[in-house]
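Trainee: Dumping the structure here so I can ask a few things about it.
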Amino acid sequence: MKFYLYFGFILTFLSCENNVSSIKKSKENRLNTKQIINQKKDSSIIKLNKVILLDSLVDIQTINSEIQVDLKYASSDNFMKMKLYNRLSNAYLQKDVAIRLSNCQKFLSKIKPGYCLLVYDAVRPVSVQKKMWDALDSLPPSERGKFVSNPVNRSLHNLGAAVDLTIIDNTGVILDMGANYDDIRKIAYPNLEREFLASGELSANHIANRELLRRVMKSQGFRPLETEWWHFNACSRSEGKSKYKVLMDEP
Ligand SMILES: [Zn+2]
């Protein structure tokens, strides 16, 4: 019985494929039947993998449409000055992480009516992490690690369990954090804020803005980094690895 159900599913799947493949008929006519069947099997496996990979990830704006998104790696407006995402244009996170982020937005709306979270990056495929790593191949690995994490180690971004973000105020202005997103200078380090305040390079307002972002994110257990004001982890790396699947490629 199971076999027939499975066989029926494959037939249904292949019949759906037929519509798509009709435009490629002239090319396929030159191939023998066995090759065509194998091609269809391969493409169905790829499609199924994509469904499975995206299954546990959700577009955060479908959970909370108040959250704004500007994926920096989907354009050349980033520290590498190159478009790194070819197909990814929405911000995806693990569903439980997205729900927590939505609760952060609700908390922000309560304490600062009209304010919104603005997400710069969420799930980041390992293939893109590798592109970033390879683009900096003129630097030794120890130096490269300061700009982008080694793709071999897998970051929580690869699991959809980390988010880069800032805040937009009730007039539509992005809060001034005293350093831009992906600024590699030490002025972006939360753990050095007091020193930069003392030297006058950061103002009390910059720090208040960063503290607001941290307060909002900590309200749902997100963890800040010591070196990037914009980055928050949903859990530890070991917990993330045991709970979530890595996204290897762009869906
Ligand atoms: Zn990040």
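Ordering of the structure tokens sets the chain letters (A, B, ...), residue numbers begin anew at 1 in every chain, and ligands are numbered from 1 in the order given.
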Quick one: residues within 6 Å of ligand 1, with only C-alpha atoms and all ligand atoms, as a PDB file with N, CA and C atoms, in the first residue's frame?

Mentor:
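As written to disk, result39.pdb reads:
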ATOM      1  N   VAL A 163      20.198  37.698  14.462  1.00  0.00           N
ATOM      2  CA  VAL A 163      19.612  38.778  13.670  1.00  0.00           C
ATOM      3  C   VAL A 163      20.434  40.051  13.850  1.00  0.00           C
ATOM      4  N   ASP A 164      20.598  40.796  12.757  1.00  0.00           N
ATOM      5  CA  ASP A 164      21.259  42.096  12.782  1.00  0.00           C
ATOM      6  C   ASP A 164      20.165  43.134  12.593  1.00  0.00           C
ATOM      7  N   HIS A 231      24.165  43.115  16.375  1.00  0.00           N
ATOM      8  CA  HIS A 231      24.002  41.655  16.294  1.00  0.00           C
ATOM      9  C   HIS A 231      23.457  41.065  17.602  1.00  0.00           C
TER      10      HIS A 231
END

Trainee: Tell me, which residues of segment 37-196 of chain A carry DSSP alpha helix (DSSP H), written as a ChimeraX atom specification?

Mentor: /A:37-55,60-63,95-111,126-135,141-147,193-196

Trainee: Determine the nearest neighbour of Ala98 of chain A from the options A:Leu84, A:Ser65, A:Ile184, A:Ser242, counting only C-alpha atoms.

Mentor: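 Once distances to Ala98 of chain A are computed over only C-alpha atoms, the minimum belongs to A:Ser65.
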
Trainee: From the set A:Arg237, A:Arg124, A:Lys112, A:Lys72, which residue has the shortest atom-to-atom contact distance to His157 of chain A, counting only C-alpha atoms?

Mentor: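 Answer, going by the shortest atom-to-atom distance: A:Arg124.
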
Trainee: What does the structure give for the distance between atom CA of Asp70 of chain A and atom CA of Tyr120 of chain A, in Å to one decimal?

Mentor: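 So the two atoms, atom CA of Asp70 of chain A and atom CA of Tyr120 of chain A, lie 5.2 Å apart.
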
Trainee: I'd like the neighbourhood of Asp59 of chain A as a list in words, where a residue qualifies if any of its atoms comes within 9 Å (using only C-alpha atoms), though same-chain residues fewer than 3 positions away should be ignored.

Mentor: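 Contacts, in chain order: Thr62, Ile63, Asn90, Ala91, Tyr92, Leu93, Gln94, Lys95 and Ala98 of chain A.
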
Trainee: Which residue gives the smallest distance to Phe107 of chain A among A:Leu136, A:Met82, A:Val216, A:Leu225, with only C-alpha atoms counted?

Mentor: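 Counting only C-alpha atoms, the residue closest to Phe107 of chain A is A:Val216.
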
Trainee: Can you tell me which residues surround Ser155 of chain A at a distance of at most 10 Å, considering only C-alpha atoms, apart from same-chain residues fewer than 2 positions away, and format the answer as a ChimeraX atom specification?

Mentor: /A:123-126,129,148-153,157-162,233,237,240-241,246

Trainee: Please produce a file of the residues just selected, as a PDB file, in the first residue's frame, where the atoms kept are C-alpha atoms.

Mentor:
ATOM      1  CA  VAL A 123      19.317  33.816   8.050  1.00  0.00           C
ATOM      2  CA  ARG A 124      22.497  33.837   5.976  1.00  0.00           C
ATOM      3  CA  PRO A 125      23.324  30.766   3.845  1.00  0.00           C
ATOM      4  CA  VAL A 126      26.730  29.153   4.359  1.00  0.00           C
ATOM      5  CA  GLN A 129      29.294  33.297   4.254  1.00  0.00           C
ATOM      6  CA  VAL A 148      33.444  37.905   8.830  1.00  0.00           C
ATOM      7  CA  SER A 149      33.220  34.576  10.634  1.00  0.00           C
ATOM      8  CA  ASN A 150      34.844  31.545   9.091  1.00  0.00           C
ATOM      9  CA  PRO A 151      32.150  29.559   7.182  1.00  0.00           C
ATOM     10  CA  VAL A 152      33.635  26.300   8.479  1.00  0.00           C
ATOM     11  CA  ASN A 153      32.591  27.218  12.030  1.00  0.00           C
ATOM     12  CA  HIS A 157      23.095  33.390  11.173  1.00  0.00           C
ATOM     13  CA  ASN A 158      23.524  30.170   9.131  1.00  0.00           C
ATOM     14  CA  LEU A 159      20.935  28.523  11.403  1.00  0.00           C
ATOM     15  CA  GLY A 160      18.418  31.370  11.295  1.00  0.00           C
ATOM     16  CA  ALA A 161      19.039  32.020  14.982  1.00  0.00           C
ATOM     17  CA  ALA A 162      20.783  35.417  14.879  1.00  0.00           C
ATOM     18  CA  ASN A 233      21.956  35.732  19.106  1.00  0.00           C
ATOM     19  CA  ARG A 237      25.938  28.206  19.325  1.00  0.00           C
ATOM     20  CA  GLY A 240      21.450  26.346  18.005  1.00  0.00           C
ATOM     21  CA  LYS A 241      23.355  23.492  16.389  1.00  0.00           C
ATOM     22  CA  VAL A 246      21.992  24.848   8.758  1.00  0.00           C
TER      23      VAL A 246
END

Trainee: For Asn64 of chain A, which residue out of A:Tyr244, A:Thr171, A:Leu117, A:Lys81 is the nearest one, using only C-alpha atoms?

Mentor: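 Counting only C-alpha atoms, the residue closest to Asn64 of chain A is A:Leu117.
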
Trainee: Excluding same-chain residues fewer than 3 positions from segment 185-187 of chain A, what lies within 12 Å of it counting only C-alpha atoms, as an mmCIF file with C-alpha atoms, in the first residue's frame?

Mentor:
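Result file is around30.cif:
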data_model
loop_
_atom_site.group_PDB
_atom_site.id
_atom_site.type_symbol
_atom_site.label_atom_id
_atom_site.label_comp_id
_atom_site.auth_asym_id
_atom_site.auth_seq_id
_atom_site.Cartn_x
_atom_site.Cartn_y
_atom_site.Cartn_z
ATOM 1 C CA PHE A 79 30.749 46.753 3.745
ATOM 2 C CA LYS A 146 37.556 40.195 12.470
ATOM 3 C CA PHE A 147 35.443 41.080 9.427
ATOM 4 C CA MET A 177 24.149 54.489 17.026
ATOM 5 C CA GLY A 178 27.425 56.388 16.560
ATOM 6 C CA ALA A 179 28.712 53.751 14.114
ATOM 7 C CA ASN A 180 27.113 52.256 11.047
ATOM 8 C CA TYR A 181 26.023 48.659 10.495
ATOM 9 C CA ASP A 182 29.043 46.416 9.821
ATOM 10 C CA PRO A 190 29.328 47.696 22.974
ATOM 11 C CA ASN A 191 31.994 46.707 25.517
ATOM 12 C CA LEU A 192 34.020 49.867 24.780
ATOM 13 C CA GLU A 193 31.141 52.358 24.890
ATOM 14 C CA ARG A 194 32.201 53.934 28.197
ATOM 15 C CA GLU A 195 35.702 54.685 26.846
ATOM 16 C CA PHE A 196 34.304 56.222 23.658
ATOM 17 C CA LEU A 197 31.841 58.273 25.712
ATOM 18 C CA SER A 199 36.738 60.505 24.780
ATOM 19 C CA GLY A 200 33.718 62.270 23.279
ATOM 20 C CA GLU A 201 33.609 60.021 20.198
ATOM 21 C CA LEU A 202 30.240 58.602 21.304
ATOM 22 C CA SER A 203 27.526 60.803 22.767
ATOM 23 C CA HIS A 206 24.289 57.214 20.907
ATOM 24 C CA ILE A 207 24.602 55.041 23.993
ATOM 25 C CA GLU A 226 30.562 42.529 22.705
ATOM 26 C CA THR A 227 31.841 43.667 19.314
ATOM 27 C CA GLU A 228 28.769 44.533 17.184
ATOM 28 C CA TRP A 229 25.951 46.749 18.500
#

Trainee: Do you know which residues are at most 9 Å from Glu250 of chain A counting only C-alpha atoms, after dropping those on the same chain fewer than 3 positions away, and could you put them as a VMD selection string?

Mentor: chain A and resid 50 85 to 88 124 to 128 247

Trainee: Restricting the output to C-alpha atoms, write the selected residues as a tab-separated table (two decimals), in the first residue's frame.

Mentor:
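This is the output file result_24.tsv:
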chain	number	residue	atom	x	y	z
A	50	LYS	CA	14.24	23.52	-0.69
A	85	TYR	CA	22.18	37.51	-2.13
A	86	ASN	CA	20.88	36.66	-5.57
A	87	ARG	CA	17.51	35.27	-4.54
A	88	LEU	CA	17.09	36.03	-0.86
A	124	ARG	CA	22.50	33.84	5.98
A	125	PRO	CA	23.32	30.77	3.85
A	126	VAL	CA	26.73	29.15	4.36
A	127	SER	CA	27.40	29.64	0.61
A	128	VAL	CA	27.15	33.43	1.11
A	247	LEU	CA	20.94	26.66	5.58

Trainee: Identify which of the residues A:Ala208, A:Val69, A:Cys116, A:Leu139 lies closest to Asn170 of chain A, counting only C-alpha atoms when measuring atom-to-atom distances.

Mentor: A:Cys116

Trainee: Just asking: which residues within segment 32-213 of chain A are strand (DSSP E or B) according to DSSP, as a list in words?

Mentor: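 Answer for segment 32-213 of chain A restricted to strand (DSSP E or B) is Leu57, Val58, Asp59, Gln68, Val69, Tyr92, Leu93, Gln94, Cys116, Leu117, Leu118, Val119, Tyr120, Asp121, Ala162, Val163, Asp164, Leu165, Thr166, Ile167, Ile168 and Ile174 of chain A.
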
Trainee: Print the selection's residues with N, CA and C atoms to a file, as a PDB file, in the first residue's frame.

Mentor:
ATOM      1  N   LEU A  57      11.979  27.660   8.593  1.00  0.00           N
ATOM      2  CA  LEU A  57      12.271  29.094   8.583  1.00  0.00           C
ATOM      3  C   LEU A  57      11.037  29.866   8.143  1.00  0.00           C
ATOM      4  N   VAL A  58      10.827  31.012   8.759  1.00  0.00           N
ATOM      5  CA  VAL A  58       9.669  31.820   8.355  1.00  0.00           C
ATOM      6  C   VAL A  58      10.116  33.237   8.036  1.00  0.00           C
ATOM      7  N   ASP A  59       9.386  33.847   7.119  1.00  0.00           N
ATOM      8  CA  ASP A  59       9.594  35.249   6.786  1.00  0.00           C
ATOM      9  C   ASP A  59       9.072  36.057   7.986  1.00  0.00           C
ATOM     10  N   GLN A  68      10.355  46.190  10.067  1.00  0.00           N
ATOM     11  CA  GLN A  68      10.833  46.608   8.751  1.00  0.00           C
ATOM     12  C   GLN A  68      12.091  45.816   8.379  1.00  0.00           C
ATOM     13  N   VAL A  69      12.314  45.660   7.076  1.00  0.00           N
ATOM     14  CA  VAL A  69      13.466  44.869   6.610  1.00  0.00           C
ATOM     15  C   VAL A  69      14.200  45.611   5.499  1.00  0.00           C
ATOM     16  N   TYR A  92      14.427  35.730   6.872  1.00  0.00           N
ATOM     17  CA  TYR A  92      13.914  34.479   7.429  1.00  0.00           C
ATOM     18  C   TYR A  92      14.624  34.148   8.738  1.00  0.00           C
ATOM     19  N   LEU A  93      13.827  33.660   9.698  1.00  0.00           N
ATOM     20  CA  LEU A  93      14.390  33.156  10.956  1.00  0.00           C
ATOM     21  C   LEU A  93      13.659  31.868  11.316  1.00  0.00           C
ATOM     22  N   GLN A  94      14.239  31.106  12.240  1.00  0.00           N
ATOM     23  CA  GLN A  94      13.509  29.946  12.772  1.00  0.00           C
ATOM     24  C   GLN A  94      12.208  30.467  13.383  1.00  0.00           C
ATOM     25  N   CYS A 116       9.913  51.236  15.304  1.00  0.00           N
ATOM     26  CA  CYS A 116       9.948  49.910  14.660  1.00  0.00           C
ATOM     27  C   CYS A 116      11.353  49.343  14.638  1.00  0.00           C
ATOM     28  N   LEU A 117      11.418  48.039  14.675  1.00  0.00           N
ATOM     29  CA  LEU A 117      12.694  47.361  14.452  1.00  0.00           C
ATOM     30  C   LEU A 117      12.977  47.378  12.949  1.00  0.00           C
ATOM     31  N   LEU A 118      14.242  47.527  12.579  1.00  0.00           N
ATOM     32  CA  LEU A 118      14.649  47.475  11.173  1.00  0.00           C
ATOM     33  C   LEU A 118      15.723  46.399  11.044  1.00  0.00           C
ATOM     34  N   VAL A 119      15.382  45.311  10.353  1.00  0.00           N
ATOM     35  CA  VAL A 119      16.291  44.161  10.245  1.00  0.00           C
ATOM     36  C   VAL A 119      17.213  44.326   9.038  1.00  0.00           C
ATOM     37  N   TYR A 120      18.524  44.191   9.299  1.00  0.00           N
ATOM     38  CA  TYR A 120      19.524  44.286   8.228  1.00  0.00           C
ATOM     39  C   TYR A 120      19.915  42.911   7.693  1.00  0.00           C
ATOM     40  N   ASP A 121      19.876  41.894   8.560  1.00  0.00           N
ATOM     41  CA  ASP A 121      20.194  40.531   8.097  1.00  0.00           C
ATOM     42  C   ASP A 121      19.615  39.526   9.080  1.00  0.00           C
ATOM     43  N   ALA A 162      20.138  34.137  14.530  1.00  0.00           N
ATOM     44  CA  ALA A 162      20.783  35.417  14.879  1.00  0.00           C
ATOM     45  C   ALA A 162      20.199  36.480  13.964  1.00  0.00           C
ATOM     46  N   VAL A 163      20.198  37.698  14.462  1.00  0.00           N
ATOM     47  CA  VAL A 163      19.612  38.778  13.670  1.00  0.00           C
ATOM     48  C   VAL A 163      20.434  40.051  13.850  1.00  0.00           C
ATOM     49  N   ASP A 164      20.598  40.796  12.757  1.00  0.00           N
ATOM     50  CA  ASP A 164      21.259  42.096  12.782  1.00  0.00           C
ATOM     51  C   ASP A 164      20.165  43.134  12.593  1.00  0.00           C
ATOM     52  N   LEU A 165      20.138  44.128  13.457  1.00  0.00           N
ATOM     53  CA  LEU A 165      19.028  45.087  13.348  1.00  0.00           C
ATOM     54  C   LEU A 165      19.304  46.395  14.075  1.00  0.00           C
ATOM     55  N   THR A 166      18.445  47.363  13.793  1.00  0.00           N
ATOM     56  CA  THR A 166      18.478  48.649  14.469  1.00  0.00           C
ATOM     57  C   THR A 166      17.032  49.092  14.721  1.00  0.00           C
ATOM     58  N   ILE A 167      16.860  50.371  15.025  1.00  0.00           N
ATOM     59  CA  ILE A 167      15.512  50.883  15.347  1.00  0.00           C
ATOM     60  C   ILE A 167      15.224  52.132  14.510  1.00  0.00           C
ATOM     61  N   ILE A 168      13.983  52.237  14.059  1.00  0.00           N
ATOM     62  CA  ILE A 168      13.501  53.458  13.383  1.00  0.00           C
ATOM     63  C   ILE A 168      12.568  54.169  14.369  1.00  0.00           C
ATOM     64  N   ILE A 174      16.145  56.559  11.254  1.00  0.00           N
ATOM     65  CA  ILE A 174      16.916  55.465  11.871  1.00  0.00           C
ATOM     66  C   ILE A 174      17.744  56.041  13.020  1.00  0.00           C
TER      67      ILE A 174
END

Trainee: Which one of A:Pro251, A:Cys235, A:Ser142, A:Trp230 sits closest to Leu212 of chain A if you count only C-alpha atoms?

Mentor: A:Trp230

Trainee: For a test of reading the model, state the distance in Å between atom CA of Ala234 of chain A and atom CA of Ala135 of chain A, rounded to one decimal.

Mentor: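 These two atoms are separated by 27.7 Å.
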